Structures are given as structure tokens and as C-alpha cells.
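Pasting upload_39.txt here (compact mmCIF, C-alpha atoms):
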```txt
# COMPACT_ATOMS: atom_id res chain seq x y z
CA MET A 1 -11.77 17.46 12.39
CA ALA A 2 -10.44 20.14 10.04
CA PRO A 3 -11.20 19.75 6.32
CA ALA A 4 -8.48 18.09 4.24
CA THR A 5 -7.18 19.19 0.86
CA VAL A 6 -6.38 16.81 -2.00
CA ILE A 7 -4.90 18.11 -5.26
CA PHE A 8 -4.96 16.33 -8.63
CA LYS A 9 -2.51 17.41 -11.31
CA LYS A 10 -2.07 16.04 -14.80
CA ALA A 11 1.60 15.17 -15.17
CA ARG A 12 4.23 13.28 -17.10
CA TYR A 13 7.78 12.24 -16.30
CA ASP A 14 9.34 15.26 -17.98
CA ALA A 15 10.98 18.61 -17.23
CA ALA A 16 7.66 20.19 -16.19
CA LEU A 17 7.33 17.79 -13.25
CA THR A 18 9.60 19.90 -11.01
CA SER A 19 7.34 22.94 -11.22
CA ILE A 20 4.19 20.82 -10.83
CA VAL A 21 5.49 19.24 -7.61
CA ALA A 22 6.68 22.63 -6.31
CA GLU A 23 3.26 24.16 -6.94
CA MET A 24 1.53 21.30 -5.11
CA LEU A 25 3.92 21.43 -2.14
CA ASP A 26 3.57 25.21 -1.89
CA ALA A 27 -0.20 24.85 -1.71
CA LEU A 28 -0.10 22.01 0.83
CA LEU A 29 2.77 23.10 3.09
CA GLY A 30 2.32 26.86 3.12
CA ASN A 31 5.06 28.20 5.41
CA SER A 32 5.56 24.92 7.29
CA LEU A 33 8.93 24.19 5.69
CA GLN A 34 11.44 26.63 7.14
CA PRO A 35 15.18 26.97 6.38
CA GLY A 36 17.32 24.59 8.40
CA MET A 37 14.57 22.02 8.97
CA ARG A 38 15.42 18.33 8.71
CA VAL A 39 13.10 16.87 6.10
CA LEU A 40 12.65 13.13 5.56
CA ILE A 41 11.35 12.03 2.16
CA LYS A 42 9.97 8.49 2.37
CA PRO A 43 9.41 7.12 -1.16
CA ASN A 44 8.06 3.69 -2.03
CA LEU A 45 11.23 1.69 -2.79
CA LEU A 46 9.79 -1.80 -2.60
CA MET A 47 12.35 -3.65 -4.70
CA ALA A 48 14.92 -3.32 -7.49
CA SER A 49 13.00 -2.58 -10.68
CA ARG A 50 13.10 -0.31 -13.69
CA PRO A 51 10.91 2.82 -13.53
CA GLU A 52 8.75 1.56 -16.39
CA ARG A 53 7.65 -1.42 -14.24
CA ALA A 54 5.70 1.04 -12.01
CA ILE A 55 6.63 -0.76 -8.80
CA CYS A 56 8.42 2.09 -7.01
CA ALA A 57 7.89 5.83 -6.80
CA HIS A 58 9.40 7.30 -9.97
CA PRO A 59 12.87 8.83 -9.47
CA LEU A 60 11.81 12.10 -11.11
CA VAL A 61 8.99 12.56 -8.59
CA VAL A 62 11.46 11.95 -5.75
CA ARG A 63 13.94 14.37 -7.33
CA ALA A 64 11.28 17.09 -7.70
CA ALA A 65 10.36 16.82 -4.01
CA ALA A 66 14.02 16.83 -2.93
CA ASP A 67 14.75 19.85 -5.11
CA TYR A 68 11.84 21.69 -3.49
CA VAL A 69 13.18 20.98 0.01
CA LEU A 70 16.62 22.29 -0.95
CA GLN A 71 15.17 25.40 -2.56
CA LYS A 72 13.41 26.14 0.74
CA GLY A 73 16.68 25.77 2.65
CA GLY A 74 15.88 22.43 4.25
CA HIS A 75 18.21 19.50 4.89
CA CYS A 76 16.94 16.57 2.84
CA ARG A 77 17.22 12.90 3.73
CA ILE A 78 15.67 10.18 1.53
CA GLY A 79 15.12 6.71 2.93
CA ASP A 80 13.10 3.52 3.04
CA SER A 81 13.38 -0.05 4.27
CA PRO A 82 12.84 -2.20 1.16
CA GLY A 83 10.96 -5.44 1.22
CA ILE A 84 13.68 -7.33 -0.63
CA GLY A 85 17.15 -6.89 -2.10
CA SER A 86 19.97 -4.46 -1.46
CA PHE A 87 19.22 -0.77 -1.16
CA GLU A 88 22.09 -0.01 -3.53
CA LYS A 89 20.65 -2.22 -6.27
CA ILE A 90 17.26 -0.54 -5.87
CA LEU A 91 18.90 2.87 -6.36
CA LYS A 92 20.82 1.63 -9.40
CA ASP A 93 18.03 -0.26 -11.18
CA GLY A 94 15.47 2.39 -10.30
CA GLU A 95 17.70 5.17 -11.69
CA TYR A 96 17.70 7.13 -8.44
CA HIS A 97 21.44 7.73 -8.47
CA GLN A 98 21.13 9.21 -11.94
CA ALA A 99 18.19 11.42 -10.94
CA LEU A 100 19.66 12.68 -7.65
CA SER A 101 23.40 12.82 -8.36
CA ASP A 102 23.60 16.62 -8.57
CA LEU A 103 21.52 17.34 -5.46
CA ASP A 104 22.94 17.81 -1.96
CA VAL A 105 20.83 15.11 -0.33
CA THR A 106 21.47 12.08 1.85
CA ILE A 107 19.93 8.88 0.56
CA ALA A 108 20.27 5.82 2.77
CA PRO A 109 18.24 2.84 3.97
CA PHE A 110 16.48 2.80 7.32
CA THR A 111 18.68 0.71 9.59
CA VAL A 112 18.21 1.97 13.16
CA SER A 113 14.97 1.49 15.06
CA THR A 114 13.56 3.23 18.08
CA LYS A 115 10.54 2.38 20.23
CA ILE A 116 7.55 4.59 19.47
CA ASP A 117 4.07 4.26 20.98
CA ILE A 118 1.46 3.97 18.22
CA GLY A 119 -1.43 3.36 20.61
CA PRO A 120 -3.41 0.28 21.64
CA PRO A 121 -3.50 -2.60 21.00
CA PHE A 122 0.06 -2.45 19.67
CA GLY A 123 1.73 -0.07 22.12
CA ARG A 124 5.43 0.68 21.66
CA ILE A 125 6.76 -0.76 18.41
CA ASP A 126 10.03 -0.46 16.50
CA LEU A 127 10.00 2.30 13.89
CA CYS A 128 12.98 3.79 12.08
CA ALA A 129 14.82 6.44 14.07
CA ASP A 130 14.79 8.71 11.01
CA VAL A 131 11.11 9.42 11.69
CA ALA A 132 11.82 10.64 15.21
CA ASP A 133 14.76 12.76 14.00
CA ALA A 134 12.83 14.56 11.22
CA ASP A 135 11.16 17.95 11.60
CA LEU A 136 8.90 17.30 8.61
CA ILE A 137 8.06 14.20 6.56
CA ILE A 138 7.07 13.99 2.89
CA ASN A 139 5.45 10.66 2.04
CA ILE A 140 5.81 9.63 -1.64
CA ALA A 141 3.73 6.58 -2.51
CA LYS A 142 2.98 4.73 -5.73
CA LEU A 143 -0.55 4.09 -6.96
CA LYS A 144 -0.63 0.29 -7.01
CA SER A 145 -3.00 -2.60 -6.53
CA HIS A 146 -2.21 -4.91 -3.63
CA VAL A 147 -3.20 -8.56 -3.28
CA GLN A 148 -3.66 -8.28 0.49
CA MET A 149 -4.92 -4.68 0.99
CA ARG A 150 -6.54 -4.16 -2.48
CA LEU A 151 -4.63 -0.89 -2.94
CA THR A 152 -1.34 0.37 -1.56
CA LEU A 153 -1.36 4.17 -1.49
CA GLY A 154 -0.27 6.79 1.02
CA VAL A 155 -1.24 4.99 4.22
CA LYS A 156 0.37 1.63 3.52
CA ASN A 157 3.54 3.23 2.13
CA LEU A 158 4.55 4.16 5.68
CA PHE A 159 4.83 0.49 6.68
CA GLY A 160 8.29 0.98 5.18
CA CYS A 161 9.17 2.84 8.39
CA VAL A 162 9.30 -0.59 10.05
CA VAL A 163 12.89 -1.71 9.57
CA GLY A 164 13.93 -4.92 7.85
CA LEU A 165 12.81 -8.22 9.35
CA LYS A 166 10.52 -6.46 11.83
CA LYS A 167 8.05 -6.30 8.91
CA THR A 168 8.15 -10.10 8.72
CA GLU A 169 7.44 -10.33 12.44
CA TRP A 170 4.36 -8.13 12.11
CA HIS A 171 3.08 -10.12 9.16
CA MET A 172 3.36 -13.25 11.28
CA ARG A 173 1.71 -11.67 14.32
CA VAL A 174 -1.28 -9.99 12.64
CA GLY A 175 -1.16 -10.93 8.94
CA VAL A 176 -3.81 -13.64 9.28
CA ASP A 177 -6.25 -10.94 10.47
CA ARG A 178 -6.56 -8.50 7.57
CA ASN A 179 -8.51 -5.96 9.63
CA LEU A 180 -5.98 -5.98 12.45
CA PHE A 181 -3.12 -5.60 9.98
CA ALA A 182 -4.96 -2.65 8.40
CA ARG A 183 -5.30 -1.06 11.83
CA LEU A 184 -1.56 -1.51 12.39
CA LEU A 185 -0.87 0.29 9.10
CA VAL A 186 -3.26 3.10 9.98
CA GLN A 187 -1.75 3.66 13.43
CA ILE A 188 1.77 3.68 12.01
CA CYS A 189 0.65 6.28 9.48
CA GLN A 190 -1.05 8.35 12.18
CA THR A 191 2.11 8.25 14.31
CA VAL A 192 4.52 9.09 11.48
CA HIS A 193 2.15 11.96 10.60
CA PRO A 194 3.51 13.06 7.20
CA ALA A 195 3.03 16.74 6.43
CA VAL A 196 2.32 15.90 2.80
CA THR A 197 1.49 12.72 0.95
CA LEU A 198 2.23 12.56 -2.78
CA VAL A 199 1.01 9.57 -4.78
CA ASP A 200 2.63 8.86 -8.13
CA GLY A 201 -0.20 7.82 -10.43
CA ILE A 202 1.45 8.98 -13.62
CA LEU A 203 2.22 5.34 -14.35
CA ALA A 204 0.23 3.16 -11.95
CA LEU A 205 0.17 -0.60 -11.35
CA GLU A 206 -2.97 -2.71 -11.58
CA GLY A 207 -3.79 -6.41 -11.33
CA GLN A 208 -1.64 -8.64 -9.11
CA GLY A 209 0.35 -5.81 -7.51
CA PRO A 210 2.33 -4.49 -5.75
CA GLY A 211 5.30 -6.38 -7.24
CA LYS A 212 6.31 -7.75 -10.61
CA SER A 213 3.10 -9.72 -11.06
CA GLY A 214 1.27 -6.41 -11.51
CA THR A 215 0.64 -4.66 -14.84
CA PRO A 216 1.72 -1.03 -15.48
CA ARG A 217 -1.10 1.29 -16.50
CA PRO A 218 -0.69 4.95 -17.55
CA ILE A 219 -3.09 7.27 -15.70
CA GLY A 220 -1.17 10.53 -16.01
CA VAL A 221 -1.94 12.08 -12.65
CA LEU A 222 -0.04 13.13 -9.55
CA ILE A 223 -2.09 13.32 -6.36
CA GLY A 224 -1.12 15.22 -3.23
CA GLY A 225 -2.75 16.04 0.07
CA ASN A 226 -2.20 17.18 3.65
CA ASN A 227 -3.99 14.13 5.05
CA PRO A 228 -3.01 10.61 3.89
CA PHE A 229 -6.40 9.12 4.76
CA ALA A 230 -8.15 11.75 2.64
CA VAL A 231 -5.70 11.19 -0.22
CA ASP A 232 -6.39 7.45 -0.26
CA ALA A 233 -10.17 8.00 -0.17
CA ALA A 234 -10.02 10.48 -3.06
CA ILE A 235 -7.94 8.08 -5.16
CA CYS A 236 -10.42 5.26 -4.55
CA ARG A 237 -13.19 7.40 -6.00
CA MET A 238 -11.01 8.35 -8.97
CA LEU A 239 -10.59 4.62 -9.66
CA GLY A 240 -14.34 4.06 -9.51
CA THR A 241 -14.40 2.16 -6.22
CA THR A 242 -15.73 3.05 -2.79
CA PRO A 243 -13.07 3.67 -0.11
CA ASP A 244 -14.73 1.12 2.17
CA THR A 245 -13.45 -1.66 -0.12
CA VAL A 246 -9.93 -0.87 1.14
CA PRO A 247 -9.24 -2.29 4.64
CA THR A 248 -7.02 0.63 5.66
CA HIS A 249 -9.86 3.07 4.98
CA GLN A 250 -12.24 1.00 7.11
CA ALA A 251 -9.69 0.98 9.94
CA ALA A 252 -9.07 4.73 9.65
CA LYS A 253 -12.80 5.41 9.66
CA ALA A 254 -13.28 3.29 12.79
CA LEU A 255 -10.58 5.37 14.50
CA GLU A 256 -12.26 8.59 13.30
CA LEU A 257 -9.21 9.65 11.29
CA VAL A 258 -10.99 10.28 7.97
CA PRO A 259 -11.96 13.95 7.62
CA ASP A 260 -15.65 14.72 7.27
CA ILE A 261 -14.88 17.16 4.46
CA ILE A 262 -12.34 16.57 1.69
CA LEU A 263 -11.73 19.56 -0.55
CA THR A 264 -10.51 18.34 -3.95
CA LEU A 265 -8.69 20.71 -6.28
CA GLY A 266 -7.76 20.17 -9.92
CA ASP A 267 -9.17 17.69 -12.37
CA ALA A 268 -9.28 14.08 -11.20
CA PRO A 269 -9.49 11.77 -14.22
CA MET A 270 -12.32 9.26 -14.21
CA VAL A 271 -10.46 5.96 -14.44
CA THR A 272 -12.54 3.08 -15.76
CA GLY A 273 -11.75 -0.61 -15.80
CA PHE A 274 -8.91 -0.47 -13.27
CA GLN A 275 -8.00 -4.08 -12.51
CA PHE A 276 -8.21 -4.75 -8.79
CA PRO A 277 -7.03 -8.05 -7.32
CA VAL A 278 -9.65 -10.33 -5.81
CA ILE A 279 -9.62 -9.95 -2.03
CA ALA A 280 -11.02 -13.15 -0.58
CA PRO A 281 -11.72 -13.88 3.11
CA LEU A 282 -8.80 -15.31 5.08
CA GLU A 283 -10.92 -17.50 7.37
CA PHE A 284 -14.22 -19.34 7.14
CA GLY A 285 -16.55 -21.08 9.52
CA PRO A 286 -16.45 -22.28 13.12
CA LYS A 287 -13.03 -22.40 14.78
CA LEU A 288 -13.08 -26.21 14.94
CA PHE A 289 -13.26 -26.50 11.13
CA ARG A 290 -11.14 -23.49 10.11
CA LYS A 291 -8.00 -25.47 9.33
CA PHE A 292 -9.90 -27.70 6.89
CA MET A 293 -11.80 -24.78 5.36
CA ARG A 294 -8.63 -22.70 5.15
CA ARG A 295 -6.97 -25.39 3.06
CA HIS A 296 -9.89 -25.95 0.68
CA TRP A 297 -11.77 -22.63 0.59
CA VAL A 298 -9.28 -19.77 1.07
CA GLN A 299 -7.42 -17.94 -1.71
CA ARG A 300 -3.77 -18.99 -1.83
CA PRO A 301 -0.43 -18.12 -3.44
CA VAL A 302 0.50 -20.26 -6.46
CA VAL A 303 3.57 -20.52 -8.65
CA ASN A 304 4.05 -20.46 -12.39
CA SER A 305 6.82 -23.06 -12.52
CA ALA A 306 7.87 -22.03 -16.02
CA ALA A 307 8.68 -18.49 -14.79
CA CYS A 308 10.17 -19.48 -11.41
CA SER A 309 13.97 -19.41 -11.21
CA LEU A 310 14.03 -21.16 -7.80
CA CYS A 311 16.05 -18.26 -6.39
CA GLY A 312 14.73 -19.10 -2.90
CA LYS A 313 13.91 -15.53 -1.85
CA CYS A 314 10.25 -16.35 -1.17
CA HIS A 315 11.35 -19.32 0.94
CA ARG A 316 13.76 -17.17 2.98
CA HIS A 317 11.31 -14.28 3.48
CA CYS A 318 8.13 -16.25 4.24
CA PRO A 319 7.17 -15.23 7.81
CA ALA A 320 5.29 -18.51 8.38
CA GLY A 321 7.93 -20.82 6.91
CA ALA A 322 5.29 -22.18 4.54
CA ILE A 323 7.43 -22.39 1.38
CA GLN A 324 9.97 -25.08 0.56
CA ILE A 325 11.97 -26.09 -2.50
CA HIS A 326 11.73 -29.84 -3.07
CA ARG A 327 12.99 -31.71 -6.13
CA GLN A 328 13.47 -28.49 -8.07
CA GLN A 329 9.93 -27.35 -7.39
CA LEU A 330 8.42 -24.70 -5.17
CA GLN A 331 5.97 -26.20 -2.68
CA PHE A 332 3.50 -24.47 -0.33
CA ASP A 333 2.27 -25.72 3.01
CA TYR A 334 -1.21 -24.16 2.90
CA ASP A 335 -1.92 -25.18 6.51
CA ARG A 336 0.95 -22.95 7.68
CA CYS A 337 0.49 -20.21 5.09
CA ILE A 338 -1.00 -17.06 6.70
CA ARG A 339 -1.99 -15.50 3.33
CA CYS A 340 0.10 -12.36 3.83
CA TYR A 341 1.21 -12.72 0.18
CA CYS A 342 4.69 -11.40 0.94
CA CYS A 343 5.96 -14.04 -1.51
CA VAL A 344 3.85 -12.57 -4.33
CA GLU A 345 5.02 -9.07 -3.42
CA ILE A 346 8.74 -9.79 -3.46
CA CYS A 347 9.05 -12.30 -6.33
CA LYS A 348 11.59 -10.75 -8.70
CA GLU A 349 10.42 -12.97 -11.57
CA GLY A 350 6.71 -12.24 -11.20
CA ALA A 351 6.21 -16.00 -11.00
CA LEU A 352 3.91 -15.95 -7.97
CA SER A 353 0.28 -14.88 -7.92
CA THR A 354 -2.88 -15.47 -5.92
CA ARG A 355 -5.63 -17.86 -6.91
CA GLU A 356 -9.01 -18.65 -5.42
CA THR A 357 -9.98 -22.26 -4.91
CA PRO A 358 -13.12 -23.26 -6.87
CA ALA A 359 -15.02 -23.76 -3.60
CA GLY A 360 -13.89 -20.37 -2.27
CA LYS A 361 -14.87 -18.60 -5.49
CA LEU A 362 -18.32 -20.18 -5.39
CA LEU A 363 -18.81 -19.18 -1.76
CA ARG A 364 -17.71 -15.58 -2.48
CA HIS A 365 -20.21 -15.27 -5.34
CA LEU A 366 -23.01 -16.78 -3.25
CA THR A 367 -22.20 -14.44 -0.34
CA ALA A 368 -22.20 -11.41 -2.65
CA ALA A 369 -25.49 -12.49 -4.23
CA GLY A 370 -27.03 -12.92 -0.80
CA ALA A 371 -25.87 -9.45 0.26
CA ARG A 372 -27.39 -7.91 -2.89
CA LEU A 373 -30.67 -9.73 -2.27
CA ARG A 374 -30.81 -8.53 1.34
CA ALA A 375 -30.05 -4.96 0.24
CA ARG A 376 -32.83 -5.14 -2.37
CA MET A 377 -35.31 -6.48 0.17
CA HIS A 378 -34.36 -3.79 2.66
CA HIS A 379 -34.79 -1.15 -0.04
CA MET A 380 -38.24 -2.48 -0.89
CA HIS A 381 -39.35 -2.60 2.76
CA SER A 382 -38.05 0.92 3.43
CA GLY A 383 -40.04 2.32 0.50
CA GLY A 384 -36.96 2.97 -1.62
CA SER A 385 -36.96 6.63 -0.69
CA ARG A 386 -34.26 6.98 1.91
CA ARG A 387 -30.59 7.17 1.05
CA CYS A 388 -28.14 5.49 3.39
CA ASP A 389 -24.43 6.27 3.20
CA ASN A 390 -22.15 5.30 6.05
CA ASP A 391 -19.04 6.74 4.43
CA PRO A 392 -18.38 10.12 6.09
CA THR A 393 -16.37 11.27 3.10
CA ALA A 394 -19.01 10.41 0.50
CA GLY A 395 -20.54 13.43 -1.17
CA GLN A 396 -18.20 15.81 0.67
CA SER A 397 -15.62 16.25 -2.09
CA ARG A 398 -16.03 19.21 -4.31
```
Let me see the structure of the file written as C-alpha cells.
Amino acid sequence: MAPATVIFKKARYDAALTSIVAEMLDALLGNSLQPGMRVLIKPNLLMASRPERAICAHPLVVRAAADYVLQKGGHCRIGDSPGIGSFEKILKDGEYHQALSDLDVTIAPFTVSTKIDIGPPFGRIDLCADVADADLIINIAKLKSHVQMRLTLGVKNLFGCVVGLKKTEWHMRVGVDRNLFARLLVQICQTVHPAVTLVDGILALEGQGPGKSGTPRPIGVLIGGNNPFAVDAAICRMLGTTPDTVPTHQAAKALELVPDIILTLGDAPMVTGFQFPVIAPLEFGPKLFRKFMRRHWVQRPVVNSAACSLCGKCHRHCPAGAIQIHRQQLQFDYDRCIRCYCCVEICKEGALSTRETPAGKLLRHLTAAGARLRARMHHMHSGGSRRCDNDPTAGQSR
């Protein structure tokens, strides 16, 4: 596999951003963008929110990319299929209309699907027709934590190419299996095949992301690359975590999609103390006892009743039908809940979060302690002299 390039640039949301994005796109695209080409820009437009909430790709980053496409003579279309709410409200609250009003671009939600083969075991699935119609795709993600996938970066951003309620269907079909869901995300990303992935980490989101339960955190960096799997791996290292802690990276590595060599350019800041969500197992034990153990041992969504407005959106969007409103209170059926955490993601009040059960937390700590003990024993028996690293990207960046 050819080496991948990942560029880190210090940046702010100011007038200099246009030239920074243009410089990065020039380096990553070369002569790929020709006059007359149809270019699709796919930003992260998860939900209606102000830019300072750090939930969506910042409008000035989207504008800078669109301006670059127009300067090169391309036809620019900007689109996404949001997780919740009207597309128009997202554009208004997110200040996209204001940022893009003077540019000759089309900005519209994904509404039409077409069958595209993403490979086994999924086969032909419904993806937005805009992907098939585009000559070149620019993927603009947001650097955010994610309660199901640990981080949502370039790879997961392209799940937005699944239109509307089809996302809910996929959560129901594979959401209970985190590894299978990660493989779905990876194969969608591989199929969409963006020419460039930009990740807005100027103002990132940590904690209980990717929605309003997360906490904005300034990092001051824009990251770009010609391979989304390499971009995600490089960002993990910047945040002080190994890529293998992110399920999408594990799935990409299993499919041999992660480049052996990642060439990093620019100065990546060393981010310390980034708050990742706890990613607990979704299933425990023998099949006969999983229902019982799922109820008492597995991390679950919970509600802060004081912050909940009882708007009912989580109830309507829950793929498993596990949420009800009874006597002016939100109630979860944890036997039906598949732990996709869509409710946490889309809650406009930030009233929903994830919480480990005491038994599950104890088991996670005991499992981790056991793994550390086994690793120490293995190190002692092997003489402590050999280095083992199964991550093909480790030590290759320079």
C-alpha cells in the first residue's frame, strides 16, 4: 500500500483559515481537482447547534474548502444527512448560511439513495446518490469523542452518507455488535473513498460526545490527509492514545486498509488529558445468561431528569423502541436497549449520558488488571528484551 500523508496545521477561526485550508488541499490534491469537476463536500452536520458547542464542522472550515473548489473551477455541492432535526435549522443555528451566502454553491440535505456494493458481509446498501454523482469528495469531520466508538473522526463522519432512517435500521441490525458496526463504518468509508479528509480540531469535543453532553476543548489544529484511516490513526496519537483503542481502526487494520507508512507533516500538538468516554463491553458471559448480565453489568444510557424537557425525540428515534415517557418521566427498557447510544447523541438538551453499573465497572477494572498481570508475566518470561507492536502504523510516522 502506498504511503499516506497527514498534515497538521495550527489554526484559528479567522481570516487566515482560507489560505491554510487552500495550502493543505493543494498539497493533498495536487492536480486532481480539474475545472468542471463535480465536487461533494461532506461536513459533519450532526444537529442544530452553535459553532461554539463544537458539535459540527465549523462553518468557516466548510467555507474555506468550498472557496477552494470554486477557485479551481469546480462545481461545489455541500450535503449531509443529519441525525436529528431539520437541515434548515442546522444551517441557521450553525451559521452556515451566513458563512456561505456569497459563494456559488449548492447546499442541500441527502435525500435520495442508491444501492452501492460495499463488500461482504453487507453487500449492496443504500447510500446517498450524491456520492455516486460526484467526481471528487472532500470529507470534513469534527474531532469529537463518541460514547459508542470512542472517537468520531474522518472514518465515522461518512456514516452520514446513509440517508435518514436508514441509519436507524443499521443501528438496529448491527449496533449491538460494536466490532461489526465499526466494520460497516469502515467499508462505507472505503466505498465513498474521499480524496481528502479534513478534521476540524481547532475547537474539539471531549467527554460524553458527540452531542450536547460533550465538552468543548480548544486544541487549535486542523488535520488533513489523503487517507482517512491514516488521518484517524495520526489523531489518536496526537491525543495520547493508541489507534487500536478505536474500533474503526481495528476494523480497518483487519481489512488491511491502514497504510504501513504514514508521513506526517507540520507540528502535531501533544494533547494531554483529553477526556475519552468509557467504552464498556456490550455483552458478557454465556449466551444463556446474557440477558440477565446485560441488564445488571452493561453500561447504559441514563437521564438527568432536571435537564430533560421530555421533548420525545429520543423516544421517536430509538431504533430498539427502548425508551418511553411515563408519568412525565423518561423510562428505559434495558432489556431491549441495544446500547447504540443514539439517544445520547441526539439529545438537544444534553440530558442523556452513559453510566456504568457498579458490577460492570468492577468487572472492567478486574479484567484490565488481569490483562496487565498477564502482560507483565509474559514480559518476564520472554526476558523483557523483545518489543512487540502489532500496530502497523506505530513508529512509521515521521
(request) Find the spatial neighbours of Ser101 of chain A, counting only C-alpha atoms, within a cut-off of 12 Å - ignore same-chain residues fewer than 5 positions away - and output them as a ChimeraX atom specification. (result) /A:59-60,63,66-67,91-92,95-96,106-107
(request) Select, from A:Ala307, A:Val163, A:Ala369, A:Ile90, the residue with the minimum atom-to-atom distance to Phe110 of chain A, counting only C-alpha atoms. (result) A:Val163
(request) Just give me the gap between atom CA of Cys189 of chain A and atom CA of Leu222 of chain A in Å, one decimal is fine. (result) 20.2 Å
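The gap separating atom CA of Val302 of chain A from atom CA of Cys347 of chain A is 11.7 Å, in Å to one decimal.
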(message) Let me make sure I understand: among A:Phe274, A:Tyr68, A:Phe159, A:Trp170, which one has the smallest atom-to-atom distance to Leu103 of chain A if we use only C-alpha atoms?
(response) A:Tyr68
(request) Please provide the set of residues having any atom within 6 Å of segment 133-147 of chain A, restricted to all atoms listed in the file, with same-chain residues fewer than 4 positions apart removed, written as a list of chain:residue names. (result)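 Surrounding residues, per the criterion: A:Met37, A:Arg38, A:Val39, A:Leu40, A:Ile41, A:Lys42, A:Pro43, A:Asn44, A:Ala57, A:Leu151, A:Thr152, A:Leu153, A:Gly154, A:Asn157, A:Pro194, A:Ala195, A:Val196, A:Thr197, A:Leu198, A:Val199, A:Asp200, A:Gly201, A:Ala204, A:Leu205, A:Glu206, A:Gly209, A:Pro210, A:Pro277.
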(request) Give me, please, the distance in Å between atom CA of Ala129 of chain A and atom CA of His58 of chain A, quoted to one decimal. (result)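 Interatomic distance here is 24.7 Å.
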Determine, counting only C-alpha atoms, which protein, DNA and RNA residues have an atom within 8 Å of an atom of segment 333-345 of chain A; residues of the same chain fewer than 3 positions away are not included. Present the result as a PDB file with C-alpha atoms, keeping the file's coordinate frame.
```pdb
ATOM      1  CA  VAL A 147      -3.200  -8.560  -3.280  1.00  0.00           C
ATOM      2  CA  GLN A 148      -3.660  -8.280   0.490  1.00  0.00           C
ATOM      3  CA  HIS A 171       3.080 -10.120   9.160  1.00  0.00           C
ATOM      4  CA  MET A 172       3.360 -13.250  11.280  1.00  0.00           C
ATOM      5  CA  GLY A 175      -1.160 -10.930   8.940  1.00  0.00           C
ATOM      6  CA  VAL A 176      -3.810 -13.640   9.280  1.00  0.00           C
ATOM      7  CA  GLY A 209       0.350  -5.810  -7.510  1.00  0.00           C
ATOM      8  CA  PRO A 210       2.330  -4.490  -5.750  1.00  0.00           C
ATOM      9  CA  GLY A 211       5.300  -6.380  -7.240  1.00  0.00           C
ATOM     10  CA  LYS A 212       6.310  -7.750 -10.610  1.00  0.00           C
ATOM     11  CA  SER A 213       3.100  -9.720 -11.060  1.00  0.00           C
ATOM     12  CA  LEU A 282      -8.800 -15.310   5.080  1.00  0.00           C
ATOM     13  CA  LYS A 291      -8.000 -25.470   9.330  1.00  0.00           C
ATOM     14  CA  ARG A 294      -8.630 -22.700   5.150  1.00  0.00           C
ATOM     15  CA  ARG A 295      -6.970 -25.390   3.060  1.00  0.00           C
ATOM     16  CA  GLN A 299      -7.420 -17.940  -1.710  1.00  0.00           C
ATOM     17  CA  ARG A 300      -3.770 -18.990  -1.830  1.00  0.00           C
ATOM     18  CA  PRO A 301      -0.430 -18.120  -3.440  1.00  0.00           C
ATOM     19  CA  CYS A 314      10.250 -16.350  -1.170  1.00  0.00           C
ATOM     20  CA  HIS A 315      11.350 -19.320   0.940  1.00  0.00           C
ATOM     21  CA  HIS A 317      11.310 -14.280   3.480  1.00  0.00           C
ATOM     22  CA  CYS A 318       8.130 -16.250   4.240  1.00  0.00           C
ATOM     23  CA  ALA A 320       5.290 -18.510   8.380  1.00  0.00           C
ATOM     24  CA  GLY A 321       7.930 -20.820   6.910  1.00  0.00           C
ATOM     25  CA  ALA A 322       5.290 -22.180   4.540  1.00  0.00           C
ATOM     26  CA  ILE A 323       7.430 -22.390   1.380  1.00  0.00           C
ATOM     27  CA  GLY A 350       6.710 -12.240 -11.200  1.00  0.00           C
ATOM     28  CA  ALA A 351       6.210 -16.000 -11.000  1.00  0.00           C
ATOM     29  CA  LEU A 352       3.910 -15.950  -7.970  1.00  0.00           C
ATOM     30  CA  SER A 353       0.280 -14.880  -7.920  1.00  0.00           C
ATOM     31  CA  THR A 354      -2.880 -15.470  -5.920  1.00  0.00           C
TER      32      THR A 354
END
```
(request) Please identify all polymer residues lying at most 7 Å from the point (-15.9, -0.1, -14.8) (file coordinates), using only C-alpha atoms, and present the result as number ranges by chain. (result) A: 240, 272-273
(request) Tell me which protein, DNA and RNA residues are within 9 Å of segment 265-269 of chain A, counting all atoms listed in the file, leaving out same-chain ones fewer than 6 positions away, and put them as an MDAnalysis selection string. (result) chainID A and resid 5:10 219:221 223 234:235 238:239 398
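Between Val21 of chain A and the residues A:Val231, A:Leu263, A:Val61, A:Ile118, the shortest atom-to-atom distance, using all atoms listed in the file, involves A:Val61.
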(message) Set the distance at 9 Å and use only C-alpha atoms: which residues neighbour Leu257 of chain A once local chain neighbours fewer than 5 positions away are removed? I'd like the list as a PyMOL selection string.
(response) chain A and resi 1+186+190+229-230+251-252
(request) Taking the point (11.5, 3.4, 12.7) as given in the file, collect each protein or nucleic acid residue that comes within 8 Å of it, counting all atoms listed in the file, and present the set as a ChimeraX atom specification. (result) /A:110,112-116,126-132,161-163
Let me have the centre and edge lengths of the axis-aligned box enclosing all listed atoms of segment 299-308 of chain A with 5 Å padding on every side, in Å to one decimal, as AutoDock Vina command-line options.
```
--center_x 1.4 --center_y -20.5 --center_z -8.9 --size_x 27.6 --size_y 15.1 --size_z 24.3
```
